[in-house]
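Listing of work27.pdb, PDB, C-alpha atoms
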```pdb
MODEL        1
ATOM      1  CA  MET A  30       0.000   0.000   0.000
ATOM      2  CA  ARG A  31       2.828   2.328   0.752
ATOM      3  CA  GLY A  32       4.056   2.187  -2.835
ATOM      4  CA  THR A  33       0.646   3.090  -4.201
ATOM      5  CA  ARG A  34       0.235   6.116  -1.917
ATOM      6  CA  HIS A  35       3.718   7.321  -2.733
ATOM      7  CA  ARG A  36       3.092   6.903  -6.461
ATOM      8  CA  THR A  37      -0.264   8.685  -6.211
ATOM      9  CA  ARG A  38       1.275  11.622  -4.350
ATOM     10  CA  SER A  39       4.114  11.823  -6.865
ATOM     11  CA  LEU A  40       1.720  11.833  -9.803
ATOM     12  CA  LEU A  41      -0.484  14.414  -8.118
ATOM     13  CA  ALA A  42       2.493  16.672  -7.380
ATOM     14  CA  ALA A  43       3.817  16.291 -10.923
ATOM     15  CA  SER A  44       0.425  17.166 -12.448
ATOM     16  CA  VAL A  45       0.168  20.285 -10.244
ATOM     17  CA  VAL A  46       3.633  21.401 -11.350
ATOM     18  CA  VAL A  47       2.857  20.790 -15.029
ATOM     19  CA  ALA A  48      -0.478  22.628 -14.741
ATOM     20  CA  GLY A  49       1.241  25.530 -12.989
ATOM     21  CA  LEU A  50       3.728  25.790 -15.827
ATOM     22  CA  LEU A  51       1.197  25.449 -18.644
ATOM     23  CA  VAL A  52      -1.636  27.693 -17.406
ATOM     24  CA  PRO A  53       0.177  31.075 -17.758
ATOM     25  CA  GLY A  54       1.300  30.172 -21.277
ATOM     26  CA  ALA A  55      -2.199  29.057 -22.218
ATOM     27  CA  LEU A  56      -3.728  32.242 -20.821
ATOM     28  CA  TYR A  57      -1.174  34.350 -22.695
ATOM     29  CA  ALA A  58      -1.888  32.534 -25.956
ATOM     30  CA  ALA A  59      -5.644  32.706 -25.403
ATOM     31  CA  GLY A  60      -5.436  36.442 -24.820
ATOM     32  CA  HIS A  61      -3.580  37.021 -28.086
ATOM     33  CA  VAL A  62      -5.765  34.681 -30.095
ATOM     34  CA  GLY A  63      -8.916  36.179 -28.600
ATOM     35  CA  ALA A  64      -7.766  39.698 -29.336
ATOM     36  CA  ALA A  65      -6.882  38.860 -32.937
ATOM     37  CA  GLY A  66      -9.875  36.614 -33.575
ATOM     38  CA  ALA A  67     -12.617  38.786 -32.066
ATOM     39  CA  ALA A  68     -11.272  42.302 -32.267
ATOM     40  CA  ALA A  69     -13.356  45.051 -30.728
ATOM     41  CA  PRO A  70     -14.789  47.530 -33.231
ATOM     42  CA  PRO A  71     -12.549  50.573 -33.658
ATOM     43  CA  ALA A  72     -13.488  53.701 -31.762
ATOM     44  CA  PRO A  73     -15.255  56.232 -33.989
ATOM     45  CA  ASP A  74     -13.133  59.145 -35.128
ATOM     46  CA  PRO A  75     -14.348  62.432 -33.666
ATOM     47  CA  GLU A  76     -15.918  64.784 -36.141
ATOM     48  CA  PRO A  77     -13.386  67.471 -37.073
ATOM     49  CA  SER A  78     -14.295  70.865 -35.738
ATOM     50  CA  GLY A  79     -12.829  74.190 -34.718
ATOM     51  CA  SER A  80     -11.771  77.309 -36.493
ATOM     52  CA  GLU A  81      -8.299  78.129 -37.710
ATOM     53  CA  CYS A  82      -7.255  81.491 -36.329
ATOM     54  CA  ARG A  83      -4.436  83.787 -37.406
ATOM     55  CA  THR A  84      -3.415  86.668 -35.198
ATOM     56  CA  SER A  85      -1.301  89.706 -35.963
ATOM     57  CA  VAL A  86       0.058  92.448 -33.732
ATOM     58  CA  ARG A  87       0.931  95.911 -35.064
ATOM     59  CA  GLY A  88       2.065  98.283 -32.377
ATOM     60  CA  SER A  89      -0.659  98.287 -29.765
ATOM     61  CA  ARG A  90      -3.379  96.797 -32.004
ATOM     62  CA  VAL A  91      -4.294  93.127 -32.298
ATOM     63  CA  VAL A  92      -6.327  91.526 -35.085
ATOM     64  CA  ALA A  93      -7.393  87.884 -35.402
ATOM     65  CA  TYR A  94      -9.135  86.258 -38.347
ATOM     66  CA  CYS A  95     -10.830  82.932 -37.615
ATOM     67  CA  HIS A  96     -12.135  80.709 -40.424
ATOM     68  CA  ASN A  97     -14.301  77.645 -39.754
ATOM     69  CA  PRO A  98     -14.112  75.092 -42.616
ATOM     70  CA  TYR A  99     -16.129  72.447 -40.741
ATOM     71  CA  PRO A 100     -19.893  71.743 -40.720
ATOM     72  CA  SER A 101     -20.336  72.472 -36.996
ATOM     73  CA  ALA A 102     -20.274  75.943 -35.469
ATOM     74  CA  ASP A 103     -17.404  77.142 -33.291
ATOM     75  CA  ARG A 104     -17.243  79.911 -30.719
ATOM     76  CA  VAL A 105     -14.033  81.935 -30.563
ATOM     77  CA  GLN A 106     -12.773  84.553 -28.141
ATOM     78  CA  LEU A 107      -9.714  86.791 -28.429
ATOM     79  CA  HIS A 108      -7.552  87.343 -25.352
ATOM     80  CA  THR A 109      -5.008  90.171 -25.186
ATOM     81  CA  GLU A 110      -2.412  90.550 -22.469
ATOM     82  CA  CYS A 111      -0.747  93.945 -22.391
ATOM     83  CA  ALA A 112       2.962  94.290 -21.648
ATOM     84  CA  ARG A 113       2.686  97.138 -19.129
ATOM     85  CA  TRP A 114       1.501  96.349 -15.623
ATOM     86  CA  TRP A 115      -0.885  99.292 -15.579
ATOM     87  CA  ASP A 116      -2.388  98.499 -18.980
ATOM     88  CA  ILE A 117      -5.658  96.576 -18.740
ATOM     89  CA  ASP A 118      -5.719  93.097 -20.299
ATOM     90  CA  ALA A 119      -8.777  92.406 -22.415
ATOM     91  CA  ASP A 120     -10.993  89.534 -23.522
ATOM     92  CA  SER A 121     -13.300  90.050 -26.480
ATOM     93  CA  ARG A 122     -16.892  88.932 -26.547
ATOM     94  CA  PRO A 123     -17.267  85.308 -27.657
ATOM     95  CA  VAL A 124     -18.254  85.187 -31.327
ATOM     96  CA  ASP A 125     -19.947  82.277 -33.116
ATOM     97  CA  VAL A 126     -18.279  81.183 -36.350
ATOM     98  CA  GLY A 127     -20.671  79.309 -38.588
ATOM     99  CA  PRO A 128     -19.673  76.641 -41.102
ATOM    100  CA  GLY A 129     -17.627  78.152 -43.938
ATOM    101  CA  ARG A 130     -17.513  81.578 -42.285
ATOM    102  CA  THR A 131     -14.675  83.909 -41.298
ATOM    103  CA  VAL A 132     -14.855  86.414 -38.448
ATOM    104  CA  ARG A 133     -12.568  89.293 -37.501
ATOM    105  CA  LEU A 134     -11.723  89.979 -33.869
ATOM    106  CA  ASP A 135      -9.741  92.998 -32.761
ATOM    107  CA  ASP A 136      -8.476  94.593 -29.583
ATOM    108  CA  ARG A 137      -5.769  96.949 -28.388
ATOM    109  CA  CYS A 138      -3.543  97.960 -25.512
ATOM    110  CA  TRP A 139      -2.497 101.519 -24.656
ATOM    111  CA  LYS A 140       1.149 100.607 -25.178
ATOM    112  CA  GLU A 141       2.838  97.313 -26.163
ATOM    113  CA  VAL A 142       1.094  93.972 -26.489
ATOM    114  CA  GLY A 143       2.550  91.170 -24.351
ATOM    115  CA  ALA A 144       0.644  88.102 -25.589
ATOM    116  CA  VAL A 145      -2.356  87.208 -27.741
ATOM    117  CA  TRP A 146      -4.329  83.966 -28.022
ATOM    118  CA  VAL A 147      -7.712  82.698 -29.146
ATOM    119  CA  THR A 148      -9.811  80.158 -27.265
ATOM    120  CA  HIS A 149     -12.364  77.901 -28.908
ATOM    121  CA  GLY A 150     -15.631  76.505 -27.620
ATOM    122  CA  ASN A 151     -18.801  75.025 -29.006
ATOM    123  CA  GLU A 152     -21.967  76.852 -29.934
ATOM    124  CA  THR A 153     -23.355  76.644 -26.380
ATOM    125  CA  GLY A 154     -20.718  79.073 -25.139
ATOM    126  CA  ALA A 155     -18.382  76.784 -23.203
ATOM    127  CA  ALA A 156     -14.882  77.998 -23.977
ATOM    128  CA  SER A 157     -11.952  75.601 -23.834
TER     129      SER A 157
ENDMDL
END
```

Before anything else, please render the file you have as structure tokens.
Amino acid sequence: MRGTRHRTRSLLAASVVVAGLLVPGALYAAGHVGAAGAAAPPAPDPEPSGSECRTSVRGSRVVAYCHNPYPSADRVQLHTECARWWDIDADSRPVDVGPGRTVRLDDRCWKEVGAVWVTHGNETGAAS
């Protein structure tokens, strides 16, 4: 009887070791086969949107032209930061740019302009 118990334990231990070695490899292979065989549908590309804006600074005046070539409306806002500490920085009113439209935004400082940028939002008025 002793020989049978010893043989049974040895076979049981050997099968546990073999299973422990094979399971990670099988899971790895199953993951790659599953990913290649049943691929998830690709995420939809977001619809292109947003205006292209070009700014220019001449002296203390700032001008921005924003053109929207896309079918959805965009809302743009011009921001001007003046170079002098006592000069008041300004933000223009948000302006809606319809599909295929171009808008002109302008602003000025009393003296030099420090920085200029345009923010974009959607037609509901949320600027980004």

Quick one: residues within 8 Å of A:Trp139, only C-alpha atoms counted, chain neighbours fewer than 2 positions away excluded, as an MDAnalysis selection string?
chainID A and resid 89 116 137 141

Just the number, please: distance in Å from atom CA of A:His149 to atom CA of A:Thr84, one decimal.
14.0 Å

How would you write, as a PyMOL selection string, the residues chosen by the PyMOL selection byres ((chain A and resi 124) around 9) on this structure?
chain A and resi 103-106+121-123+125-126+132+134

Which residue of A:Ala119, A:Pro77, A:Trp114, A:Gly129 approaches A:Pro98 most closely, using only C-alpha atoms
A:Gly129

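By all atoms listed in the file, and with residues fewer than 6 positions from A:His96 along its chain excluded, the set lying at most 6 Å from it is Ser80, Glu81, Arg130 and Thr131 of chain A.
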
Translate the PyMOL selection byres ((chain A and resi 140) around 12), as applied to the file shown, into an explicit residue set as a PyMOL selection string.
chain A and resi 86-91+110-118+137-139+141-143

One-decimal distance in Å that lies between atom CA of A:Ala102 and atom CA of A:Ser85
23.4 Å

Extract, using only C-alpha atoms, all DNA, RNA and protein residues at most 9 Å from A:His108, discarding same-chain residues fewer than 4 positions from it, and format them as a PyMOL selection string.
chain A and resi 118-121+136+144-148

Go ahead and save the picked residues with C-alpha atoms, as a compact mmCIF listing (two decimals), in the frame of the given file.
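Once written, result34.txt looks like this:
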```txt
# COMPACT_ATOMS: atom_id res chain seq x y z
CA ASP A 118 -5.72 93.10 -20.30
CA ALA A 119 -8.78 92.41 -22.42
CA ASP A 120 -10.99 89.53 -23.52
CA SER A 121 -13.30 90.05 -26.48
CA ASP A 136 -8.48 94.59 -29.58
CA ALA A 144 0.64 88.10 -25.59
CA VAL A 145 -2.36 87.21 -27.74
CA TRP A 146 -4.33 83.97 -28.02
CA VAL A 147 -7.71 82.70 -29.15
CA THR A 148 -9.81 80.16 -27.26
```
